[in-house]
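**Q** What follows is a structure written as structure tokens; I'll ask about it next.
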Amino acid sequence: MTLKKRRDIIITAAVVIIYYFSLPAPLFNDPVCIVLEDKNDNLLGAHISSDGQWRFPDNNIVSGKFKKALVAYEDRRFYFHQGFDPIALGRALIANLKAGKKISGGSTLTMQVIRLARKGRSRTVFEKFIEIYLATRLECTHTKNEILALYASHAPFGGNIVGLDAAAWIYFGRNQHRLSWAESAMLAVLPNSPSLVHPGKNRKFLKIKRDRLLKKMYQKKIIDQNTYELSVDEPIPEKPNNIPRIAPHLLSRIYNENKNAEKTISTFHTTLDVTLQNNVTHILENHADNLLRGNGIYNAATLVIEVESGNVVAYVGNIGDLNDKRYGANVDIINAPRSTGSVLKPFLYAAMLSSGDILPKALVPDIPTQISGYAPKNFNLGYDGAVPARRAIARSLNIPAIRMLQNYGIAKFLYILKKLGMTTVTKNAEYYGLSLILGGCEGKLWELAGIYASMARSLNHFINNSGRYDPDDYRPPNFIFSKNKKMKSKFFTSLEKSSVLTASTIWLTFNTMIDVERPAEESNWQYFSSSRKIAWKTGTSFGFRDGWAIGVTPAYVVGVWVGNADGEGRPNLTGIHCAAPILFDVFNLLPHSGKWFNQPFDDMYYTATCRRSGYLASDICEEVDSVWLPKAGIHFQKCPYHKLVHLDKTEKWRVHSNCEEPSSMVHKSWFILPPVMEWYYKSKNYDYKTLPDYRPDCLANLLHSSSKPMEIIYPKDLTKIYVPVELDGKLGSTVFEVAHRNQNITIFWYIDTKFAGSTSRFHHIALQPPKGKHTLTLVDENGEKIEQTFEIIDKK
């Protein structure tokens with residue numbers, strides 16, 4: 001090869017390389033909006049780009065109507081030239097010479113794409129040659145449709161509106177593919193002079209330009225006569241519309257979570273359903289207008305999750321005008337930590353069932369309780385004495401829940417909550433204390449609803465997969481749509497590696513939650529065949545600041561929060577009154593299959609329990625029920641409340657071997673509760689039989705009784721009591737209370753051996769012991785005696 005040929009090859013190669021790399025990559029690098037779409041590609045909202053422009057991400061698919069209108073208006077030989085049109089350039093040159101000024105540029109659509117990419121350049125002859133050069137380069141590597149897509153995505157449409165997608169929504173309130181011929185034609189003429197013509201001004205001039213293009217399209221047989229006549233009658237929009245704000249809080253959440261990401265994603269295709277989202281929002285606004293705002297309650301949120309997929313189908317983070325700063329409508333409550341109230345109680349119940357620390361009908365004390373100075377109260381301020389665990393959960397009783405948590409262990413429960421997916425419990429057991437179960441910690445609606453969905457999913461899969469657990473069932477909810485199906489998980493039979501709660505305990509917990517008392521308008525739900533079973537739980541935080549309601553079915557979970565974003569409490573702001581009605585209205589929007597969770601027999605065993613106590617049946621339990629229990633329940637305690645008592649032949653008196661021949665005794669099983677539990681229990685359970693007294697001739701020889709007839713309710717041993725000073729400067733009174741099996745017996749009260757008074761029937765007395773340590777002594781008329789120490793302290 002000669003030196004000249006070699007030089008020519010090198011020069012040619014250099015020219016080709018320069019030509020190839022002359023086009024910037026990427027051609028456009030402008031910031032774009034964060035765009036939110038539902039699962040069917042409907043626009044939910046958009047966050048304006050960082051440069052203040054409504055510029056949607058590039059869209060490779062351009063409406064057919066817009067393409068035809070644009071080519072007809074801007075570049076009729078677009079599909080035949082290679083980037084520039086000599087005929088159009090010559091015609092523009094002649095027109096400019098005749099006019100003595102520049103009236104036409106002769107640019108093709110390809111050249112206009114280059115000019116848009118090289119923004120801010122002056123329109124000189126030299127710049128025109130650069131555009132021609134780069135346009136030919138663009139045509140080498142891009143199809144005509146790709147070039148049209150670049151133009152449609154980056155053309156100016158007036159004001160701060162850039163691109164066809166943004167323009168279609170702002171001017172017409174819909175997707176570009178749903179525009180009419182008249183609307184497409186209007187948008188086709190806008191980029192030609194966007195600063196002069198837009199719907200907000202010069203509407204007549206804009207209509208003239210649009211109609212001229214429509215006539216041109218009719219003459220070229222792009223549209224028929226009927227379409228033309230209808231199109232020219234369509235009005236020009238009077239003013240721009242707002243971008244849809246259907247899920248503004250989810251949009252803000254996605255924006256904040258991704259604004260600093262290295263790889264930015266601009267279009268988020270979510271799992272939301274726009275129709276359901278709008279309907280749920282409408283329900284919340286209706287309740288706010290009819291009930292909540294009149295009571296000074298301005299915020300509410302609702303989350304709807306599909307159980308099987310874990311996909312969020314509705315995300316209403318708050319209600320109200322986002323521009324009104326007074327009530328915090330811009331706060332995303334779904335992802336905000338709030339006091340949990342009672343919504344954690346089912347988790348404790350399920351955890352205790354899983355570990356074998358409780359049975360569904362096992363009695364739990366519901367009596368006045370003081371633990372290290374903490375004195376919880378039930379919401380109704382009453383006591384049942386003893387209540388089955390499942391009824392305590394269904395009725396959301398606070399004192400049984402406190403005692404259950406005390407027995408189970410705060411640290412263990414915190415571990416379970418973290419395993420289930422709560423990220424807000426970051427302190428230790430000592431910090432939270434027993435109030436943890438009554439709202440002493442914070443939780444997010446996002447996580448709490450997600451946990452219930454995980455529990456339901458785990459139970460569904462346990463049945464479907466022949467008694468095996470899928471370790472992926474416990475996962476957070478998801479709002480990003482994906483067409484890829486979830487890979488089949490590896491299943492484990494070892495619970496420690498696969499599931500936080502057993503299937504049987506979830507099933508029992510959900511069935512317990514069905515029995516929660518519904519709002520008044522739903523109270524007779526079971527009588528209607530169309531009504532669905534819903535396992536649900538409400539919660540109310542201290543000070544009436546947060547109202548919760550979370551419901552679950554085999555297919556869906558609905559979570560509702562009601563309150564004020566600033567934490568202001570309001571009278572009657574409770575889960576049952578404010579959040580529950582919303583919950584059931586939302587469930588009425590959802591598909592209803594009529595199915596309920598199948599019972600996981602593989603994780604249960606069939607055994608006998610005592611009907612009265614709910615414990616495993618002992619040999620002396622008279623009434624026994626055969627029930628299905630979690631396998632862990634096999635180690636639970638046998639009934640401690642049925643005891644064998646010895647009666648005389650009349651069965652009216654208790655006796656013992658020192659006053660009655662054993663052969664003359666009647667031995668009978670008797671259901672006996674401790675005195676305090678009995679005192680409150682018998683007032684609610686009229687079939688409860690109090691233990692008979694000892695026969696009078698047996699009292700003198702009574703050496704020992706395993707069943708104490710008397711128990712102090714308040715104060716408990718070593719209690720420190722702070723008594724405030726009254727208005728008159730004197731120390732206030734302390735009310736002491738005791739329970740006795742014999743309601744009519746007289747009890748004599750002593751403080752430090754000094755007689756303080758006597759009581760009969762109702763055994764409580766107001767006393768004023770001085771500051772310091774004291775001993776309370778109680779003696780009944782039969783000589784039974786109990787003592788308790790306590791201390792009166794001052795404010796210091």
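How things are named: the first chain in the structure tokens is A, the next is B, and so on; residues count from 1 in each chain; ligands count from 1 in the order shown.
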Just the residues within 12 Å of range 172-180 of chain A, please, counting only C-alpha atoms, with nothing from its chain fewer than 3 positions along; format it as a PyMOL selection string.
**A** chain A and resi 37+41-45+59+61-67+69+152-153+163-169+183-188+199+214+223+227-228+230-232+234-245
**Q** Please return, as a PyMOL selection string, all residues of range 104-323 of chain A that DSSP assigns to helix (DSSP H, G or I) on the basis of the backbone.
**A** chain A and resi 109-117+125-141+144-154+164-172+176-178+181-192+203-219+225-232+248-258+274-295
**Q** Considering only C-alpha atoms, return as a PyMOL selection string whatever protein or nucleic-acid residues lie within 10 Å of Pro24 in chain A, sequence-local ones (same chain, fewer than 5 positions apart) excluded.
**A** chain A and resi 29+117-118+134
**Q** Okay, now the selection with N, CA, C and O atoms, as a short mmCIF file (atom, residue, chain, number, x, y, z; two decimals), in the first residue's frame?
**A**
```cif
data_model
loop_
_atom_site.label_atom_id
_atom_site.label_comp_id
_atom_site.auth_asym_id
_atom_site.auth_seq_id
_atom_site.Cartn_x
_atom_site.Cartn_y
_atom_site.Cartn_z
N ASN A 29 -29.67 16.24 28.52
CA ASN A 29 -29.31 15.91 29.90
C ASN A 29 -30.02 16.85 30.88
O ASN A 29 -29.48 17.20 31.93
N ALA A 117 -31.39 20.62 21.58
CA ALA A 117 -30.31 20.05 22.38
C ALA A 117 -29.20 21.08 22.61
O ALA A 117 -28.55 21.09 23.66
N ARG A 118 -28.97 21.98 21.60
CA ARG A 118 -27.93 23.00 21.70
C ARG A 118 -28.57 24.31 22.17
O ARG A 118 -28.44 25.35 21.53
N LEU A 134 -25.07 18.07 12.29
CA LEU A 134 -25.44 17.17 13.39
C LEU A 134 -26.75 16.45 13.11
O LEU A 134 -26.96 15.32 13.58
#
```
**Q** Select, from A:Glu442, A:Asp473, A:Glu308, A:Asp648, the residue with the minimum atom-to-atom distance to Leu420 in chain A, counting only C-alpha atoms.
**A** A:Asp473
**Q** Calculated over only C-alpha atoms, which of the candidates A:Glu139, A:Glu131, A:Glu74, A:Glu678 has the smallest distance to Asp366 in chain A?
**A**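 The closest residue to Asp366 in chain A is A:Glu678.
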**Q** With only C-alpha atoms as the atoms that count, which of A:Leu344, A:Cys698, A:Leu27, A:Met677 lies nearest to Leu647 in chain A?
**A** A:Cys698
**Q** Please extract the residues of range 138-329 of chain A with a backbone DSSP assignment of strand (DSSP E or B) and present them as a ChimeraX atom specification.
**A** /A:156,161-162,198,201,267-270,299-306,311-316
**Q** Which value, in Å to one decimal, gives the distance between CA of Ile402 in chain A and CA of Ser541 in chain A?
**A**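 Between CA of Ile402 in chain A and CA of Ser541 in chain A the gap is 15.3 Å.
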**Q** Let me make sure I understand: among A:Tyr79, A:Phe379, A:Phe56, A:Tyr722, which one has the smallest atom-to-atom distance to Gln768 in chain A if we use only C-alpha atoms?
**A**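 Closest candidate: A:Tyr722.
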**Q** In Å, how far is it from CA of Val71 in chain A to CA of Val125 in chain A?
**A**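 Calculated distance between CA of Val71 in chain A and CA of Val125 in chain A is 24.3 Å.
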